[in-house]
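entry12.txt follows (compact mmCIF, C-alpha atoms and all ligand atoms):
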# COMPACT_ATOMS: atom_id res chain seq x y z
CA MET A 1337 135.05 87.68 144.15
CA THR A 1338 131.35 88.14 144.80
CA SER A 1339 128.91 85.29 144.11
CA ALA A 1340 127.42 85.14 140.60
CA TRP A 1341 124.13 83.67 141.91
CA THR A 1342 121.05 85.45 140.67
CA GLU A 1343 117.47 84.74 141.59
CA PRO A 1344 115.68 82.61 138.95
CA ALA A 1345 113.55 84.60 136.48
CA PRO A 1346 109.75 84.23 136.75
CA VAL A 1347 108.23 81.33 134.79
CA THR A 1348 104.87 81.59 133.00
CA VAL A 1349 102.90 78.50 132.00
CA ARG A 1350 99.91 78.55 129.66
CA VAL A 1351 97.28 75.92 130.43
CA PRO A 1352 94.07 75.07 128.56
CA ALA A 1353 90.46 74.38 129.51
CA LYS A 1354 88.79 71.02 128.78
CA VAL A 1355 85.55 69.60 127.53
CA ASN A 1356 84.40 66.02 128.15
CA LEU A 1357 83.35 64.48 124.82
CA GLU A 1358 82.01 61.47 126.67
CA LEU A 1359 81.31 61.42 130.40
CA LEU A 1360 79.87 58.11 131.61
CA VAL A 1361 79.25 57.96 135.34
CA GLY A 1362 78.97 54.84 137.47
CA PRO A 1363 77.45 54.39 140.95
CA PRO A 1364 79.11 56.25 143.86
CA ARG A 1365 82.12 54.50 145.43
CA GLU A 1366 82.64 54.17 149.17
CA ASP A 1367 84.81 57.31 149.16
CA GLY A 1368 81.97 59.32 147.56
CA TYR A 1369 83.63 59.63 144.14
CA HIS A 1370 81.98 58.19 141.05
CA PRO A 1371 83.82 55.80 138.72
CA LEU A 1372 84.08 57.39 135.28
CA ALA A 1373 84.73 56.45 131.70
CA THR A 1374 85.43 59.80 130.13
CA VAL A 1375 87.13 61.26 127.08
CA TYR A 1376 88.73 64.63 127.72
CA GLN A 1377 89.72 67.11 125.05
CA ALA A 1378 91.87 70.17 125.81
CA VAL A 1379 90.58 73.29 124.03
CA GLY A 1380 92.22 76.62 123.27
CA ILE A 1381 90.93 78.82 126.07
CA TYR A 1382 93.88 79.43 128.38
CA ASP A 1383 94.84 80.61 131.84
CA ASP A 1384 98.42 81.81 132.37
CA VAL A 1385 100.10 80.96 135.67
CA THR A 1386 103.28 82.88 136.57
CA VAL A 1387 105.51 81.91 139.48
CA THR A 1388 108.15 84.25 140.96
CA PRO A 1389 110.46 83.59 143.92
CA ALA A 1390 109.16 85.57 146.91
CA ALA A 1391 109.56 85.99 150.66
CA GLU A 1392 106.10 84.52 151.30
CA TRP A 1393 103.54 82.30 149.56
CA SER A 1394 100.82 84.31 147.83
CA VAL A 1395 98.42 84.23 144.89
CA ALA A 1396 96.91 87.09 142.88
CA VAL A 1397 94.35 86.77 140.08
CA ASP A 1398 93.44 89.08 137.21
CA GLY A 1399 91.63 88.75 133.88
CA PRO A 1400 87.96 88.51 132.89
CA TYR A 1401 87.09 85.74 135.37
CA ALA A 1402 89.21 86.89 138.33
CA ASP A 1403 86.11 87.45 140.50
CA GLY A 1404 85.12 84.27 142.25
CA VAL A 1405 88.61 82.79 142.39
CA PRO A 1406 89.80 82.36 145.98
CA THR A 1407 93.16 83.95 146.84
CA ASP A 1408 93.54 82.14 150.15
CA GLU A 1409 95.05 78.73 150.92
CA THR A 1410 92.22 76.96 149.04
CA ASN A 1411 93.41 78.25 145.66
CA LEU A 1412 94.29 75.16 143.66
CA ALA A 1413 97.41 76.73 142.09
CA LEU A 1414 98.75 77.68 145.52
CA ARG A 1415 97.96 74.20 146.88
CA ALA A 1416 99.75 72.66 143.90
CA ALA A 1417 102.89 74.78 144.37
CA ARG A 1418 103.04 74.03 148.08
CA LEU A 1419 102.50 70.30 147.50
CA LEU A 1420 105.31 70.14 144.93
CA ALA A 1421 107.62 72.12 147.25
CA GLY A 1422 106.82 69.83 150.18
CA GLU A 1423 107.49 66.66 148.19
CA ASN A 1424 110.82 67.95 146.89
CA GLY A 1425 112.26 69.61 150.00
CA ILE A 1426 111.95 73.10 148.50
CA GLU A 1427 111.78 75.80 151.15
CA GLU A 1428 111.64 78.93 148.98
CA PRO A 1429 108.09 80.33 148.64
CA VAL A 1430 106.71 81.66 145.37
CA ALA A 1431 104.24 84.40 144.46
CA LEU A 1432 101.70 83.09 141.96
CA ALA A 1433 99.93 85.33 139.46
CA ILE A 1434 97.02 83.87 137.50
CA ARG A 1435 95.61 85.47 134.36
CA LYS A 1436 92.10 83.95 134.37
CA GLU A 1437 90.50 83.45 130.94
CA ILE A 1438 88.76 80.14 131.78
CA PRO A 1439 85.28 80.63 133.27
CA VAL A 1440 85.05 79.79 136.99
CA ALA A 1441 82.80 76.88 138.05
CA GLY A 1442 81.87 76.49 134.38
CA GLY A 1443 82.59 72.78 133.93
CA MET A 1444 85.76 73.56 131.97
CA ALA A 1445 88.19 72.64 134.77
CA GLY A 1446 89.54 76.15 135.29
CA GLY A 1447 90.73 75.55 138.83
CA SER A 1448 92.26 72.22 137.82
CA ALA A 1449 94.04 73.96 134.94
CA ASP A 1450 95.62 76.43 137.36
CA GLY A 1451 96.73 73.54 139.58
CA ALA A 1452 98.37 71.79 136.64
CA GLY A 1453 99.89 75.09 135.46
CA ALA A 1454 101.42 75.76 138.88
CA LEU A 1455 102.99 72.27 138.97
CA VAL A 1456 104.62 72.71 135.55
CA ALA A 1457 105.72 76.30 136.35
CA CYS A 1458 107.29 75.39 139.71
CA ASP A 1459 108.97 72.31 138.21
CA ALA A 1460 110.69 74.69 135.75
CA LEU A 1461 111.43 77.43 138.31
CA TRP A 1462 113.02 74.99 140.77
CA ASP A 1463 114.71 73.04 137.99
CA LEU A 1464 113.27 69.74 139.25
CA GLY A 1465 113.16 68.12 135.80
CA LEU A 1466 110.18 65.90 136.67
CA HIS A 1467 108.68 63.76 133.92
CA LYS A 1468 105.08 64.21 132.76
CA GLU A 1469 104.09 60.98 134.53
CA GLU A 1470 105.63 62.19 137.81
CA LEU A 1471 103.76 65.51 137.56
CA GLU A 1472 100.52 63.65 136.76
CA GLU A 1473 100.97 61.53 139.87
CA ILE A 1474 101.25 64.61 142.08
CA ALA A 1475 98.35 66.18 140.17
CA ARG A 1476 96.08 63.27 141.20
CA GLU A 1477 96.33 64.41 144.81
CA LEU A 1478 94.86 67.79 143.84
CA GLY A 1479 91.76 66.69 141.91
CA SER A 1480 90.32 64.27 139.39
CA ASP A 1481 90.70 66.61 136.39
CA VAL A 1482 94.17 67.99 137.25
CA PRO A 1483 96.34 65.19 135.71
CA PHE A 1484 94.69 65.60 132.30
CA LEU A 1485 95.56 69.31 132.12
CA VAL A 1486 99.27 68.49 132.53
CA GLY A 1487 99.43 66.70 129.17
CA GLY A 1488 96.27 67.94 127.41
CA GLY A 1489 95.44 66.66 123.93
CA THR A 1490 92.66 64.07 123.92
CA ALA A 1491 92.70 61.29 126.53
CA MET A 1492 90.58 58.61 128.14
CA GLY A 1493 90.05 59.05 131.87
CA SER A 1494 89.09 56.19 134.18
CA GLY A 1495 89.05 55.66 137.96
CA ARG A 1496 87.59 58.94 139.22
CA GLY A 1497 88.93 60.56 136.03
CA GLU A 1498 92.57 60.71 137.15
CA LEU A 1499 93.89 57.60 135.35
CA LEU A 1500 94.78 58.54 131.79
CA ALA A 1501 95.37 56.79 128.49
CA PRO A 1502 96.07 58.61 125.21
CA VAL A 1503 93.46 58.60 122.43
CA LEU A 1504 94.27 58.76 118.74
CA THR A 1505 92.57 61.66 116.96
CA HIS A 1506 92.75 63.17 113.52
CA GLY A 1507 92.53 66.87 112.65
CA VAL A 1508 91.07 69.78 114.55
CA PHE A 1509 87.59 70.13 116.02
CA HIS A 1510 85.92 73.54 116.29
CA TRP A 1511 83.89 74.45 119.35
CA VAL A 1512 81.62 77.28 120.46
CA PHE A 1513 81.03 77.63 124.19
CA ALA A 1514 77.88 79.23 125.59
CA LEU A 1515 78.79 80.51 129.04
CA SER A 1516 76.52 81.18 131.97
CA ASP A 1517 77.02 83.93 134.54
CA LEU A 1518 76.11 81.58 137.40
CA GLY A 1519 78.41 78.64 138.19
CA LEU A 1520 77.30 75.11 139.08
CA SER A 1521 78.88 73.19 141.96
CA THR A 1522 80.47 69.92 140.77
CA PRO A 1523 79.52 67.90 143.93
CA ALA A 1524 75.94 69.23 143.68
CA VAL A 1525 75.63 68.02 140.07
CA TYR A 1526 76.98 64.53 140.92
CA ALA A 1527 74.56 64.37 143.88
CA GLU A 1528 71.65 65.39 141.62
CA CYS A 1529 72.67 62.66 139.15
CA ASP A 1530 72.47 60.08 141.98
CA ARG A 1531 69.14 61.49 143.16
CA LEU A 1532 67.59 61.30 139.68
CA ARG A 1533 68.81 57.72 139.28
CA GLY A 1534 67.17 56.75 142.57
CA ASP A 1535 67.19 52.97 143.07
CA VAL A 1536 67.75 52.12 139.41
CA PRO A 1537 70.82 49.86 139.26
CA VAL A 1538 73.78 51.52 137.50
CA GLY A 1539 76.61 49.47 136.00
CA MET A 1540 80.30 50.30 135.77
CA PRO A 1541 80.92 52.77 132.91
CA ALA A 1542 82.86 51.65 129.85
CA ALA A 1543 84.19 53.81 127.01
CA LYS A 1544 82.37 53.29 123.73
CA PRO A 1545 84.16 52.19 120.56
CA ALA A 1546 82.01 54.58 118.46
CA MET A 1547 83.66 57.56 120.21
CA MET A 1548 87.13 56.23 119.41
CA SER A 1549 86.33 55.73 115.73
CA ALA A 1550 84.70 59.18 115.47
CA LEU A 1551 87.86 60.76 116.89
CA ARG A 1552 90.09 58.74 114.57
CA SER A 1553 87.99 59.79 111.56
CA GLY A 1554 88.40 63.51 112.29
CA ASP A 1555 84.83 63.98 111.02
CA PRO A 1556 82.92 66.48 113.19
CA HIS A 1557 79.58 65.01 112.03
CA ALA A 1558 80.63 61.60 113.36
CA LEU A 1559 81.83 63.12 116.63
CA ALA A 1560 78.66 65.20 117.03
CA ALA A 1561 76.58 62.01 116.85
CA VAL A 1562 78.37 60.36 119.79
CA LEU A 1563 78.78 63.25 122.29
CA GLU A 1564 77.38 62.00 125.60
CA ASN A 1565 77.29 63.28 129.17
CA ASP A 1566 75.59 61.40 132.01
CA LEU A 1567 75.66 64.60 134.10
CA GLN A 1568 73.66 66.56 131.53
CA GLU A 1569 70.23 65.64 132.89
CA ALA A 1570 71.35 66.55 136.41
CA ALA A 1571 72.69 69.92 135.23
CA PHE A 1572 69.37 70.59 133.45
CA SER A 1573 67.46 69.54 136.54
CA LEU A 1574 69.34 72.14 138.61
CA ARG A 1575 69.30 74.73 135.82
CA PRO A 1576 66.34 74.17 133.45
CA ASP A 1577 67.34 77.26 131.41
CA LEU A 1578 70.37 75.35 130.11
CA ALA A 1579 68.18 72.99 128.08
CA GLU A 1580 66.96 76.05 126.15
CA VAL A 1581 70.53 77.12 125.45
CA LEU A 1582 71.32 73.66 124.08
CA SER A 1583 68.25 73.46 121.85
CA GLY A 1584 68.77 77.08 120.78
CA GLY A 1585 72.35 76.43 119.61
CA LEU A 1586 71.35 73.22 117.80
CA GLY A 1587 68.61 75.20 116.02
CA MET A 1588 71.23 77.75 114.95
CA GLY A 1589 73.29 75.21 113.03
CA ALA A 1590 75.57 73.46 115.55
CA LEU A 1591 76.36 69.86 114.55
CA GLY A 1592 76.05 68.73 118.14
CA GLY A 1593 76.01 70.09 121.66
CA ILE A 1594 76.63 68.91 125.19
CA VAL A 1595 76.90 70.19 128.74
CA SER A 1596 80.62 70.61 129.44
CA GLY A 1597 81.55 68.42 132.43
CA SER A 1598 79.30 69.36 135.33
CA GLY A 1599 78.10 72.51 133.52
CA PRO A 1600 76.75 75.12 133.21
CA THR A 1601 78.80 75.81 130.05
CA ILE A 1602 77.26 74.30 126.89
CA ALA A 1603 79.80 73.16 124.28
CA PHE A 1604 78.69 73.18 120.62
CA LEU A 1605 80.60 71.33 117.92
CA VAL A 1606 80.63 73.03 114.52
CA GLU A 1607 81.82 72.15 111.02
CA ASP A 1608 84.72 74.61 110.76
CA LYS A 1609 85.98 78.00 111.92
CA GLU A 1610 83.50 79.96 109.76
CA ALA A 1611 80.54 77.99 111.12
CA GLY A 1612 81.88 78.75 114.59
CA ILE A 1613 81.90 82.49 113.89
CA ASP A 1614 78.32 82.31 112.55
CA LEU A 1615 77.07 80.35 115.57
CA ALA A 1616 78.85 82.65 118.01
CA VAL A 1617 77.21 85.69 116.39
CA SER A 1618 73.74 84.06 116.45
CA LEU A 1619 74.08 82.90 120.05
CA THR A 1620 75.27 86.32 121.17
CA ALA A 1621 72.40 88.05 119.36
CA SER A 1622 69.86 85.62 120.87
CA GLY A 1623 70.79 86.62 124.41
CA LEU A 1624 70.58 82.94 125.42
CA ALA A 1625 74.12 82.90 126.82
CA ALA A 1626 75.84 85.35 129.17
CA ASP A 1627 78.95 85.16 126.99
CA VAL A 1628 80.16 83.15 124.01
CA ARG A 1629 83.69 81.89 123.27
CA ARG A 1630 85.16 79.98 120.33
CA ALA A 1631 88.06 77.55 120.55
CA SER A 1632 89.47 74.53 118.79
CA GLY A 1633 90.94 71.31 120.09
CA PRO A 1634 92.84 69.23 120.80
CA VAL A 1635 95.62 71.51 122.11
CA HIS A 1636 98.68 70.80 124.25
CA GLY A 1637 98.46 70.78 128.04
CA ALA A 1638 100.39 73.02 130.44
CA HIS A 1639 103.48 74.44 128.72
CA VAL A 1640 106.13 77.00 129.65
CA LEU A 1641 105.93 80.19 127.60
CA PRO A 1642 109.16 81.60 126.19
CA ALA A 1643 109.86 84.83 128.14
CA ALA A 1644 109.32 86.94 124.98
CA ARG A 1645 105.70 85.73 124.61
CA VAL A 1646 104.64 86.60 128.17
CA HIS A 1647 102.36 89.64 128.37
C1 LIG B 1701 82.88 66.86 136.18
C2 LIG B 1701 84.33 66.64 135.85
O1 LIG B 1701 84.94 67.89 135.55
C3 LIG B 1701 84.44 65.78 134.60
O2 LIG B 1701 85.75 65.70 134.11
C4 LIG B 1701 85.09 65.98 136.99
O3 LIG B 1701 84.54 64.73 137.31
C5 LIG B 1701 85.23 66.85 138.23
O4 LIG B 1701 86.57 66.84 138.54
P1 LIG B 1701 87.21 67.81 139.66
O5 LIG B 1701 86.54 69.14 139.60
O6 LIG B 1701 88.68 67.71 139.50
O7 LIG B 1701 86.68 67.08 140.95
P2 LIG B 1701 87.39 66.75 142.34
O8 LIG B 1701 88.00 68.02 142.86
O9 LIG B 1701 88.25 65.55 142.21
O10 LIG B 1701 86.12 66.39 143.19
C6 LIG B 1701 85.16 67.35 143.56
C7 LIG B 1701 83.88 66.64 143.93
O11 LIG B 1701 83.22 66.16 142.72
C8 LIG B 1701 82.63 64.90 142.95
N1 LIG B 1701 83.24 63.90 142.05
C9 LIG B 1701 84.34 64.20 141.31
C10 LIG B 1701 84.89 63.26 140.45
C11 LIG B 1701 84.29 61.98 140.40
N2 LIG B 1701 84.78 61.04 139.59
N3 LIG B 1701 83.20 61.70 141.15
C12 LIG B 1701 82.66 62.64 141.96
O12 LIG B 1701 81.67 62.36 142.64
C13 LIG B 1701 82.82 64.60 144.42
O13 LIG B 1701 81.69 65.11 145.09
C14 LIG B 1701 84.06 65.41 144.78
O14 LIG B 1701 84.09 65.75 146.14
N1 LIG B 1702 92.69 78.70 140.67
C1 LIG B 1702 91.36 78.55 140.74
N2 LIG B 1702 90.57 78.95 139.73
C2 LIG B 1702 89.22 78.79 139.81
N3 LIG B 1702 88.57 78.27 140.86
C3 LIG B 1702 89.30 77.85 141.88
C4 LIG B 1702 90.72 77.97 141.87
N4 LIG B 1702 91.17 77.44 143.00
C5 LIG B 1702 90.09 77.02 143.69
N5 LIG B 1702 88.96 77.27 143.05
C6 LIG B 1702 87.59 76.92 143.51
O1 LIG B 1702 87.11 75.84 142.72
C7 LIG B 1702 85.73 76.02 142.40
C8 LIG B 1702 85.46 75.33 141.05
O2 LIG B 1702 86.05 76.12 140.05
P1 LIG B 1702 86.43 75.58 138.61
O3 LIG B 1702 86.54 76.78 137.75
O4 LIG B 1702 87.58 74.66 138.67
O5 LIG B 1702 85.11 74.77 138.30
P2 LIG B 1702 84.74 73.82 137.14
O6 LIG B 1702 85.29 74.38 135.86
O7 LIG B 1702 83.28 73.57 137.21
O8 LIG B 1702 85.53 72.52 137.50
P3 LIG B 1702 85.42 71.06 136.88
O9 LIG B 1702 85.14 71.20 135.42
O10 LIG B 1702 86.79 70.52 137.17
O11 LIG B 1702 84.33 70.40 137.66
C9 LIG B 1702 85.52 77.54 142.39
O12 LIG B 1702 84.23 77.88 142.78
C10 LIG B 1702 86.56 78.04 143.37
O13 LIG B 1702 86.01 78.25 144.65
Just dump the structure as structure tokens.
Amino acid sequence: MTSAWTEPAPVTVRVPAKVNLELLVGPPREDGYHPLATVYQAVGIYDDVTVTPAAEWSVAVDGPYADGVPTDETNLALRAARLLAGENGIEEPVALAIRKEIPVAGGMAGGSADGAGALVACDALWDLGLHKEELEEIARELGSDVPFLVGGGTAMGSGRGELLAPVLTHGVFHWVFALSDLGLSTPAVYAECDRLRGDVPVGMPAAKPAMMSALRSGDPHALAAVLENDLQEAAFSLRPDLAEVLSGGLGMGALGGIVSGSGPTIAFLVEDKEAGIDLAVSLTASGLAADVRRASGPVHGAHVLPAARVH
């Protein structure tokens, strides 16, 4: 009798972008990272990461934001797959294919999302059966934002952003994202934040109770009032045009607005889906943003797509 072994079928994982609802930044640590108190929310703009058994390791990228994504060994999805293989004694390479819908270097953690997606996809392909906490632990080695994209939802991040605790939220929040066609470098924005602070003493960041109650209430007006990002001034300092985008969107009816992570994307919170459509139309017509996307949150983190839904 011949062997019945067949090569495992490709696995596709869908993984969301994030916005930081609160991003409080402390003084730089000895390792150069900044201690954070942040609240992440996963929002419905997704990359798809597909892994297929192959003779050699490789990564290919398509989709609207494929340009600007490295396809060499620095690609975060490839690094994630190799790391997981190394830690589990897996010697079979995979070919990774990324469908890139999350803007690159936009402050929405696109690269981190692909890293988290690759971990979840390879865990399924190799039938490792790792728990979420085990995947998050490996994710920490890849970057501060990567663990959050494994589980998604809404979560508190401490340490350098990699230590997570769940946050209770109610309902759905509607967002409009004003994208820029030029990315901002995350280390450059943190460095600018330090430069602007100069010698002013900065304490350790602590999450604010008002954010937690706004999220529990499910009221977008309450949430809009407490959005806060310590990196915003630094992003505006490097890119003064972004301040105009923020004030423009607020003038067009957004309840609140904030630089997403290290920017340059500006995230606007709106009342409901219809208000989001109106704001997206106005922002597009104004020419203030290179592109405009709508999404709601919180959504689930990296999840395997049933084969029938892959396209
Ligand atoms: C801006 C945020 O997206 C907010 O969630 C994150 O803090 C950035 O997370 P990330 O892109 O996963 O960042 P990492 O890959 O861990 O680090 C990239 C660089 O960002 C800076 N960095 C990052 C996180 C942190 N808590 N302090 C930092 O100073 C460091 O210069 C670091 O070398
Ligand atoms: N799979 C990937 N997708 C996008 N960028 C990647 C990927 N792998 C590595 N990179 C590199 O990471 C850099 C940052 O890209 P990314 O889209 O993650 O930025 P970001 O959204 O600003 O990140 P964050 O919000 O986590 O600070 C890119 O300029 C690119 O060189």
List all protein, DNA and RNA residues that have any atom at most 7 Å from ligand LIG 1702 (chain B), counting all atoms listed in the file, and write the list as number ranges by chain. A: 1404-1406, 1410-1413, 1439-1448, 1450-1451, 1481, 1520-1522, 1597-1599
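When all atoms listed in the file are used to compute distances to Glu1428 of chain A, the closest of the residues A:Leu1551, A:Leu1461, A:Ala1543, A:Ala1353 turns out to be A:Leu1461.
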Counting only C-alpha atoms, which residue out of A:Ala1378, A:Val1640, A:Leu1499, A:Val1635 sits closest to Val1347 of chain A?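 Of the candidates, the smallest distance to Val1347 of chain A is held by A:Val1640.
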Using all atoms listed in the file, collect all residues at a distance of at most 12 Å from (88.6, 53.9, 133.7) as written in the file, then present them as an MDAnalysis selection string. chainID A and resid 1359:1362 1370:1375 1480 1491:1501 1540:1544
For each of A:Tyr1401, A:Trp1393, A:Phe1572, A:Tyr1526, take the minimum atom-to-atom distance to ligand LIG 1701 (chain B), counting only C-alpha atoms and all ligand atoms, then give the residue where this is smallest.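 Using only C-alpha atoms and all ligand atoms, the shortest distance to ligand LIG 1701 (chain B) belongs to A:Tyr1526.
Going from atom O4 of ligand LIG 1701 (chain B) to atom CA of Ala1550 of chain A covers 24.4 Å.
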Point-to-point distance from atom CA of Ala1603 of chain A to atom CA of Leu1485 of chain A, Å rounded to tenths: 18.0 Å
